[in-house]
Amino acid sequence: MSASGAGGARAGVPAAGAAGAAAAAGGTAGDAGGDALGGYIDLHCHYLPGIDDGVRTHEDGVALCEGLRALGFSRVVATPHIRTAMFDNDPAGLRASLEAFTRKAGEREWMPALGLGAEHFFDDVFWERFARGDVVPYPSGRALLVELPPAIFPQRTAACFFEMRARGVRPVLAHPERYRPLARSSEALAPLLDAGAFAQLDLMSLVGRYGRTARRAAERMLDEDLYQLAASDAHRPSDLPDVAQALDALVDRVGPARAVALLRDGPRRLAPRDPPADG
Ligand SMILES: [Fe+2]
């Protein structure tokens, strides 16, 4: 299946490719309030300009959002980095950034729905921030994206994840396939999933964006059915061709129905427009 082969093409935006094809196969009518292209929800991308290593300009932020929508994402939740001494963002600043971006981008016809979370680096500072509520969960308020150090998992990770769940916030683990402890075996993921974490695939891992080891780990974890959702982790418009190819690779690997589950149903559980009534 080719990234440019299936419908959805519009002048000036990439074709929907596998995203559109998978959406059709999954029979989606789109996210609530979304559109007919795919109804997917991207819970990991960096389109707010000038606040982390994502896009630098408003125009690139708009281009990234529009490109993601063309690939089938009807909602895109910005997840700027929060990492001490590297990306010193805070909830108020991020909310202001989203508001400014939304105000300016609101006139555009081809924008997906926007939302805000953050990619929290998991260290002692994060844990202190979490304890006092100084974090940016996903729009439901009941899940939050965390990134672990790449080489070694902190000793108390599973215990902290368990405590987060106990406090009503599900940890969502960014790109597990890119962590060294999971490079050759998924064993180290089990305690984290047991503690209540959801595993979020970085789509571009499937096209070798982070090297062969991460690609193989992603394929293995897909085969082992360990992911609950998939996201772009796109940082700039030039990432869009890789995201498109990765959507093709995902459909080829798991089939269209499972791809839709990872791109739409999993994210929707974490970031419904309104909190679910079932507690
Ligand atoms: Fe990211």
# chains A, B, ... in the order shown; residues from 1 in each chain; ligands from 1
$ residues_around --residues "Arg170 of chain A" --least-positions-apart "4" --cutoff "9 Å" --atoms "only C-alpha atoms" --output "list of chain:residue names"
A:Arg142, A:Ala143, A:Leu144, A:Leu145, A:Phe161, A:Phe162, A:Met164, A:Arg165, A:Ala166, A:Gly196, A:Ala197, A:Phe198, A:Leu270
$ residues_near_ligand --ligand "ligand 1" --cutoff "7 Å" --atoms "only C-alpha atoms and all ligand atoms" --output "number ranges by chain"
A: 44-46, 79, 81, 119, 233
$ closest_residue --among "A:Pro171, A:Gly67, A:Pro80, A:Gly208" --to "Pro49 of chain A" --atoms "only C-alpha atoms"
A:Pro80
$ atom_distance --atom1 "atom CA of Ser185 of chain A" --atom2 "atom CA of Thr157 of chain A"
18.0 Å
$ select_by_dssp --residues "segment 31-224 of chain A" --states "alpha helix (DSSP H)" --output "ChimeraX atom specification"
/A:58-70,91-105,124-131,157-166,190-194,212-223
$ select_by_dssp --residues "segment 36-242 of chain A" --states "strand (DSSP E or B)" --output "PyMOL selection string"
chain A and resi 40-45+73-78+81-83+87+113-116+119-121+143-147+170-174+198-202+229-231+234
$ closest_residue --among "A:Leu71, A:Val55, A:Leu206, A:Ala234" --to "Leu263 of chain A" --atoms "only C-alpha atoms"
A:Leu71
$ residues_around --residues "Ala199 of chain A" --least-positions-apart "6" --cutoff "7 Å" --atoms "only C-alpha atoms" --output "mmCIF file with N, CA and C atoms, in the first residue's frame"
data_model
loop_
_atom_site.group_PDB
_atom_site.id
_atom_site.type_symbol
_atom_site.label_atom_id
_atom_site.label_comp_id
_atom_site.auth_asym_id
_atom_site.auth_seq_id
_atom_site.Cartn_x
_atom_site.Cartn_y
_atom_site.Cartn_z
ATOM 1 N N VAL A 172 0.984 7.405 30.226
ATOM 2 C CA VAL A 172 1.110 6.952 28.839
ATOM 3 C C VAL A 172 2.594 7.012 28.509
ATOM 4 N N LEU A 173 3.151 5.868 28.178
ATOM 5 C CA LEU A 173 4.588 5.776 27.981
ATOM 6 C C LEU A 173 4.934 6.076 26.519
ATOM 7 N N ALA A 174 5.674 7.173 26.313
ATOM 8 C CA ALA A 174 6.062 7.560 24.953
ATOM 9 C C ALA A 174 7.101 6.581 24.405
ATOM 10 N N PRO A 176 8.073 3.399 23.719
ATOM 11 C CA PRO A 176 8.839 2.374 24.454
ATOM 12 C C PRO A 176 9.882 1.676 23.591
ATOM 13 N N LEU A 226 1.440 -5.217 22.354
ATOM 14 C CA LEU A 226 1.702 -4.519 23.613
ATOM 15 C C LEU A 226 1.283 -3.047 23.588
ATOM 16 N N TYR A 227 0.974 -2.528 22.401
ATOM 17 C CA TYR A 227 0.625 -1.100 22.312
ATOM 18 C C TYR A 227 -0.874 -0.885 22.477
ATOM 19 N N GLN A 228 -1.196 0.234 23.127
ATOM 20 C CA GLN A 228 -2.601 0.636 23.223
ATOM 21 C C GLN A 228 -2.926 1.788 22.282
ATOM 22 N N LEU A 229 -1.908 2.472 21.782
ATOM 23 C CA LEU A 229 -2.138 3.587 20.863
ATOM 24 C C LEU A 229 -0.865 3.903 20.085
#
$ closest_residue --among "A:Ala230, A:Ala70, A:Ala183, A:Leu116" --to "Ala214 of chain A" --atoms "only C-alpha atoms"
A:Ala183
$ residues_around --residues "Glu177 of chain A" --least-positions-apart "5" --cutoff "12 Å" --atoms "only C-alpha atoms" --output "PyMOL selection string"
chain A and resi 147-148+150-151+182-186+188-189+199-206+208-222+226-227+230
$ closest_residue --among "A:Gly106, A:Gly54, A:Gly115, A:Pro139" --to "Phe87 of chain A" --atoms "only C-alpha atoms"
A:Gly54
$ closest_residue --among "A:Asp239, A:Phe130, A:Phe121, A:Leu193" --to "Ala85 of chain A" --atoms "only C-alpha atoms"
A:Phe121
$ closest_residue --among "A:Ile51, A:Arg178, A:Val76, A:Gly61" --to "Ala96 of chain A" --atoms "only C-alpha atoms"
A:Ile51
